[in-house]
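Have a look at the structure below before the remarks.
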Amino acid sequence: MNGATDLEHLLGDDPDQPDGASGSTGTDAGCAAGFEVLHRYVESELAGDAPARELPGLAAHLRRCPACHEDYLGLLESAARFGDVGPDPA
Ligand SMILES: [Zn+2]
């Protein structure tokens with residue numbers, strides 16, 4: 001996976017990356033990169049699209065990262081409640 005940033009990886013189409021990277025606790029680069037696009041994932045889901053198809057790397061990360069999955073659930077809930085998703089990407 002040399003030559004690609006974590007964000008590029010999350011935006012890419014390689015959901016079958018090995019699971020070994022998430023063995024330790026705490027955050028990793030995938031979490032930070034995932035947070036940058038998490039609102040897009042939620043927006044897509046709320047719009048009735050298929051975010052797992054648009055952002056398969058993030059979908060895979062959410063499956064194996066409880067912390068990000070919690071962020072995702074929180075964002076989904078607040079977006080559904082307030083009709084907006086954050087954080088503001090700008
Ligand atoms: Zn994570």
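Labels used: A, B, ... for chains in the order of the structure tokens, numbers from 1 for residues in each chain, and numbers from 1 for ligands as shown.
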Env. residues ligand 1 / 8 Å / only C-alpha atoms and all ligand atoms / as a PyMOL selection string: chain A and resi 27-28+30-32+34+61-62+64-69
Output file for the residues above (C-alpha atoms, as a PDB file, in the first residue's frame):
ATOM      1  CA  THR A  27      -6.486   5.967  16.880  1.00  0.00           C
ATOM      2  CA  ASP A  28      -4.597   5.306  13.710  1.00  0.00           C
ATOM      3  CA  GLY A  30      -7.248   5.507   9.066  1.00  0.00           C
ATOM      4  CA  CYS A  31      -9.438   7.015  11.755  1.00  0.00           C
ATOM      5  CA  ALA A  32      -8.307  10.559  11.006  1.00  0.00           C
ATOM      6  CA  GLY A  34     -12.088   8.382   7.818  1.00  0.00           C
ATOM      7  CA  HIS A  61     -12.953   0.677   8.386  1.00  0.00           C
ATOM      8  CA  LEU A  62     -16.259   1.250  10.170  1.00  0.00           C
ATOM      9  CA  ARG A  64     -13.500  -3.067  12.187  1.00  0.00           C
ATOM     10  CA  CYS A  65     -13.107   0.154  14.148  1.00  0.00           C
ATOM     11  CA  PRO A  66     -15.554   0.539  17.064  1.00  0.00           C
ATOM     12  CA  ALA A  67     -14.485   4.141  17.689  1.00  0.00           C
ATOM     13  CA  CYS A  68     -15.239   5.277  14.166  1.00  0.00           C
ATOM     14  CA  HIS A  69     -18.404   3.229  14.088  1.00  0.00           C
TER      15      HIS A  69
END
A:Glu45 environment, 12 Å, only C-alpha atoms, sequence neighbours closer than 3 positions dropped, as a ChimeraX atom specification: /A:38-42,48-55,59,72-73,75-77,79-80,85
Would you save the residues from that selection as a PDB file, in the first residue's frame, using N, CA and C atoms?
ATOM      1  N   LEU A  38     -16.418  11.003   6.750  1.00  0.00           N
ATOM      2  CA  LEU A  38     -17.525  10.347   7.429  1.00  0.00           C
ATOM      3  C   LEU A  38     -18.847  11.072   7.179  1.00  0.00           C
ATOM      4  N   HIS A  39     -18.789  12.406   7.146  1.00  0.00           N
ATOM      5  CA  HIS A  39     -20.027  13.160   6.905  1.00  0.00           C
ATOM      6  C   HIS A  39     -20.572  12.882   5.509  1.00  0.00           C
ATOM      7  N   ARG A  40     -19.667  12.664   4.566  1.00  0.00           N
ATOM      8  CA  ARG A  40     -20.120  12.325   3.209  1.00  0.00           C
ATOM      9  C   ARG A  40     -20.804  10.958   3.206  1.00  0.00           C
ATOM     10  N   TYR A  41     -20.235  10.055   3.960  1.00  0.00           N
ATOM     11  CA  TYR A  41     -20.806   8.713   4.060  1.00  0.00           C
ATOM     12  C   TYR A  41     -22.227   8.798   4.629  1.00  0.00           C
ATOM     13  N   VAL A  42     -22.383   9.592   5.691  1.00  0.00           N
ATOM     14  CA  VAL A  42     -23.685   9.746   6.337  1.00  0.00           C
ATOM     15  C   VAL A  42     -24.666  10.449   5.402  1.00  0.00           C
ATOM     16  N   GLY A  48     -30.332   8.003   0.740  1.00  0.00           N
ATOM     17  CA  GLY A  48     -30.841   6.764   0.171  1.00  0.00           C
ATOM     18  C   GLY A  48     -29.894   6.126  -0.820  1.00  0.00           C
ATOM     19  N   ASP A  49     -28.676   6.641  -0.866  1.00  0.00           N
ATOM     20  CA  ASP A  49     -27.692   6.053  -1.755  1.00  0.00           C
ATOM     21  C   ASP A  49     -26.998   4.879  -1.063  1.00  0.00           C
ATOM     22  N   ALA A  50     -25.949   4.423  -1.676  1.00  0.00           N
ATOM     23  CA  ALA A  50     -25.210   3.287  -1.133  1.00  0.00           C
ATOM     24  C   ALA A  50     -23.795   3.726  -0.788  1.00  0.00           C
ATOM     25  N   PRO A  51     -23.626   4.295   0.409  1.00  0.00           N
ATOM     26  CA  PRO A  51     -22.314   4.819   0.783  1.00  0.00           C
ATOM     27  C   PRO A  51     -21.231   3.749   0.800  1.00  0.00           C
ATOM     28  N   ALA A  52     -21.604   2.547   1.127  1.00  0.00           N
ATOM     29  CA  ALA A  52     -20.610   1.474   1.157  1.00  0.00           C
ATOM     30  C   ALA A  52     -20.062   1.199  -0.234  1.00  0.00           C
ATOM     31  N   ARG A  53     -20.831   1.569  -1.243  1.00  0.00           N
ATOM     32  CA  ARG A  53     -20.353   1.388  -2.610  1.00  0.00           C
ATOM     33  C   ARG A  53     -19.506   2.581  -3.034  1.00  0.00           C
ATOM     34  N   GLU A  54     -19.870   3.765  -2.512  1.00  0.00           N
ATOM     35  CA  GLU A  54     -19.104   4.966  -2.854  1.00  0.00           C
ATOM     36  C   GLU A  54     -17.801   5.040  -2.080  1.00  0.00           C
ATOM     37  N   LEU A  55     -17.853   4.614  -0.825  1.00  0.00           N
ATOM     38  CA  LEU A  55     -16.691   4.713   0.045  1.00  0.00           C
ATOM     39  C   LEU A  55     -16.417   3.357   0.693  1.00  0.00           C
ATOM     40  N   ALA A  59     -16.296   2.087   4.635  1.00  0.00           N
ATOM     41  CA  ALA A  59     -17.241   1.085   5.119  1.00  0.00           C
ATOM     42  C   ALA A  59     -16.496  -0.055   5.805  1.00  0.00           C
ATOM     43  N   TYR A  72     -19.732   7.368  13.604  1.00  0.00           N
ATOM     44  CA  TYR A  72     -20.664   7.244  12.489  1.00  0.00           C
ATOM     45  C   TYR A  72     -22.108   7.220  12.981  1.00  0.00           C
ATOM     46  N   LEU A  73     -22.363   6.414  14.017  1.00  0.00           N
ATOM     47  CA  LEU A  73     -23.722   6.338  14.554  1.00  0.00           C
ATOM     48  C   LEU A  73     -24.161   7.680  15.122  1.00  0.00           C
ATOM     49  N   LEU A  75     -23.087  10.652  14.256  1.00  0.00           N
ATOM     50  CA  LEU A  75     -23.275  11.593  13.164  1.00  0.00           C
ATOM     51  C   LEU A  75     -24.585  11.305  12.440  1.00  0.00           C
ATOM     52  N   LEU A  76     -24.864  10.028  12.267  1.00  0.00           N
ATOM     53  CA  LEU A  76     -26.099   9.631  11.600  1.00  0.00           C
ATOM     54  C   LEU A  76     -27.305  10.085  12.414  1.00  0.00           C
ATOM     55  N   GLU A  77     -27.222   9.909  13.718  1.00  0.00           N
ATOM     56  CA  GLU A  77     -28.342  10.272  14.575  1.00  0.00           C
ATOM     57  C   GLU A  77     -28.560  11.781  14.583  1.00  0.00           C
ATOM     58  N   ALA A  79     -27.592  13.915  12.372  1.00  0.00           N
ATOM     59  CA  ALA A  79     -27.979  14.358  11.036  1.00  0.00           C
ATOM     60  C   ALA A  79     -29.456  14.088  10.794  1.00  0.00           C
ATOM     61  N   ALA A  80     -29.914  12.952  11.244  1.00  0.00           N
ATOM     62  CA  ALA A  80     -31.321  12.611  11.075  1.00  0.00           C
ATOM     63  C   ALA A  80     -32.196  13.519  11.921  1.00  0.00           C
ATOM     64  N   VAL A  85     -25.256  17.618   8.755  1.00  0.00           N
ATOM     65  CA  VAL A  85     -24.156  16.787   9.183  1.00  0.00           C
ATOM     66  C   VAL A  85     -22.903  17.643   9.312  1.00  0.00           C
TER      67      VAL A  85
END
Counting only C-alpha atoms, the residue of A:Gly74, A:Ala60, A:Leu7, A:Phe82 that sits nearest A:Val37: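 Distance minimum relative to A:Val37 lands on A:Leu7.
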DSSP-assigned alpha helix (DSSP H) among stretch 24-73 of chain A, expressed as JSON, numbers by chain: {"A": [29, 30, 31, 32, 33, 34, 35, 36, 37, 38, 39, 40, 41, 42, 43, 44, 45, 46, 51, 52, 53, 54, 56, 57, 58, 59, 60, 61, 62, 63, 64, 66, 67, 68, 69, 70, 71, 72, 73]}
